[in-house]
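What follows is a set of notes on a single structure, which appears directly below.
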Amino acid sequence: MNIFTKAFWLQLSTPKNFYPIAGKLIPWFLISATLLAVIGLYYSFFVAPVDYQQGNSYRILFIHVPTAWMSMFIYVVMCIYAILGLVLKTRLSDWMALALAPTGAAMTFLALWTGSFWGKPTWGTYWIWDARLTSELILLFLYLGFISLNSAIDDPRRASRASALLALVGIINIPIIYFSVKWWNTLHQGMSVTVDKAPTMATSMFTAMMLLTFAFWLYTIAVALMRVRNIILERESQTAWVQDLVKGKN
Amino acid sequence: MAELLADKHAFYIAMTYGATFLYIVIELILLTRSKQSLLKRITRMGRLKERN
Amino acid sequence: MFAVIRSLLWREMTLAIRRRAEVLTTLFFFVIVVSLFPLGVGPEIDTLREIAPGVLWVAALLASMLSLNRLFADDYMDGTLEQMLLASQPLSILVLTKILSHWLLTGLPLVLISPVLGMQLGLDMESLLIMVVTLLLGTPVLSLIGAVGAGLTLGVRGGGVLLALLILPLYVPVLIFGSGAVEAARTGMEIQAHLSLLGIFLVLALVLAPIGAAKALKIALD
């Protein structure tokens, strides 16, 4: 089959075809996420040296930075699916956006949680109303708003279109979070990893952070696929192919 | 490892890694369980339809 | 087009005069919320002066949100909204007119009464003036952003609470820079940057919010 034709992708994006493919992919994503996480954890605890300023507490950043990156990245991906759903009217895109939202909210929560446990030994406080912390908290509210609006509207088409629009309005927050440490003089430290410069930290620390970031990324894909499979089952429960699938399993 | 456990920041590190691990385990369990209950419900609906 | 805008604005004003109570409720809500703070925090005038900018802005935010779920609800119920959708004028212009009348009926009265409340909280003349200016720039933004939320939650069960959850996070920048300007004026610091940012918010919201709200209404009526 030619993978460069539009027909191929349309075929793939029908729930009936997507369901088994996603099912086959999930174990691979989970396994590779676990592998990367194990290597990353080894690096973060045994290879990366103790920071001369922060002591061992800086090891929290190996979780904090990947979750914070993922919290923003998932929101952008969610918006891309939302746009696809609005423009192409493909139900699977709406469902992918819906499947990503809970994991995105969890990543945002984890970024705040780990950040506050890093802040306590480093700054002496669990929480401050700094620009980056506040905008990350707003991101959490945006995710929760997306999920609640989606579940409050009964008609599924209207629900996904309305929440897609809400997600697009909220995307204005992403650059605010990302650049907040540049725009305001805040307590939160600046970016130590940027695209145009070499990272300002030891190579082993950078390796650990990258490994764990990719582990979280693969994990997010796996979980989103699991959740979208559940959504497909729920929404398509009346169709013949789901009935056949269930019969075949029992 | 022992040195790390005796570190004065061990509590903060444990809270971070512990919470993350817990979240991953809970999310995976919840997703598997909701899939099973969905499958069960759809099977029951299918049987009801056949009987009628 | 201007004739349509004028007649729509006229209709909104006539309706509001017929239902005076609704406009007054928002205003009373604002006054009561602000007056609760001296009772809760204590009548210490120095403390009150310190929290005054935040109190007035939060109260204005809540008051303007309170009336939002009525923004399109009546027109949705009696079918006016469907007629607007079919009108030859773009829906976003009609929505902008609705938002303008919402601001005239809820935002503007708050701005006008805020100096009196600010004085009760011990703000000096200059801070009061800055506060009126920030509220004049900021409350239209609240109405504009709120309209998108009102469109999204139109006819949804539990719409009122959901509306608050959706739009309060989006109100945060306005709150920060609005109360920040009054706070800066009170402590004798530079306020130019705060006011310019509020101005930028207003321009952006004026351009984008009517389009967003119109899209939300189209989704709701689909």
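Every chain in the structure tokens takes a letter, A first, then B, and so on in the order presented; its residues are numbered from 1, and the ligands are numbered from 1 following the presented order.
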
Please check the contacts: residues of chain A at most 8 Å away from chain C, using only C-alpha atoms, listed as number ranges by chain. A: 138, 141-142, 145-146, 148-149, 152-153, 158, 161-163, 165-166, 169-170

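Using only C-alpha atoms, the chain A residues found within 8 Å of chain B amount to Asn56, Ser57, Arg59, Ile60, Ile63, Leu110, Trp113, Thr114, Phe117, Trp118, Pro121, Val223, Met226, Arg227, Asn230, Leu233, Glu234, Ser237, Gln243, Val246 and Lys247 of chain A.
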
Could you write out the selected residues, including C-alpha atoms, as a short mmCIF file (atom, residue, chain, number, x, y, z; two decimals), in the first residue's frame?
data_model
loop_
_atom_site.label_atom_id
_atom_site.label_comp_id
_atom_site.auth_asym_id
_atom_site.auth_seq_id
_atom_site.Cartn_x
_atom_site.Cartn_y
_atom_site.Cartn_z
CA ASN A 56 21.35 16.11 45.54
CA SER A 57 18.02 17.96 45.42
CA ARG A 59 17.98 15.39 40.82
CA ILE A 60 14.30 16.39 41.12
CA ILE A 63 11.47 14.64 36.49
CA LEU A 110 3.39 16.74 38.19
CA TRP A 113 4.23 19.15 42.29
CA THR A 114 7.87 18.30 41.57
CA PHE A 117 9.43 19.91 46.13
CA TRP A 118 12.45 21.31 44.34
CA PRO A 121 15.12 23.03 49.58
CA VAL A 223 -1.39 6.14 27.24
CA MET A 226 -4.93 3.31 25.19
CA ARG A 227 -7.40 6.04 26.08
CA ASN A 230 -11.44 3.16 25.07
CA LEU A 233 -15.09 1.35 22.00
CA GLU A 234 -17.49 3.59 23.91
CA SER A 237 -20.33 0.35 20.80
CA GLN A 243 -19.91 -6.27 18.36
CA VAL A 246 -16.23 -8.36 21.43
CA LYS A 247 -17.72 -11.69 20.34
#

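Between Ser44 of chain A and the candidates A:Ser204, A:Ser13, A:Thr90, A:Ser71, the tightest atom-to-atom separation, counting only C-alpha atoms, involves A:Ser204.
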
Between atom CA of Leu71 of chain C and atom CA of Gly160 of chain C - distance in Å to one decimal: 11.7 Å

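Nearest residue to Val116 of chain C, choosing from C:Leu56, C:Val95, C:Leu9, C:Ile17 and counting only C-alpha atoms: C:Leu56.
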
Write out as a ChimeraX atom specification each polymer residue whose atoms come within 10 Å of segment 28-41 of chain C, counting only C-alpha atoms; drop sequence neighbours fewer than 3 positions from it. /C:23-25,44-45,47-48,51-52,55-64,66,109-110,113-114,116-118,120-121

What does the structure give for the distance between atom CA of Leu135 of chain C and atom CA of Pro175 of chain A, in Å to one decimal? 26.0 Å
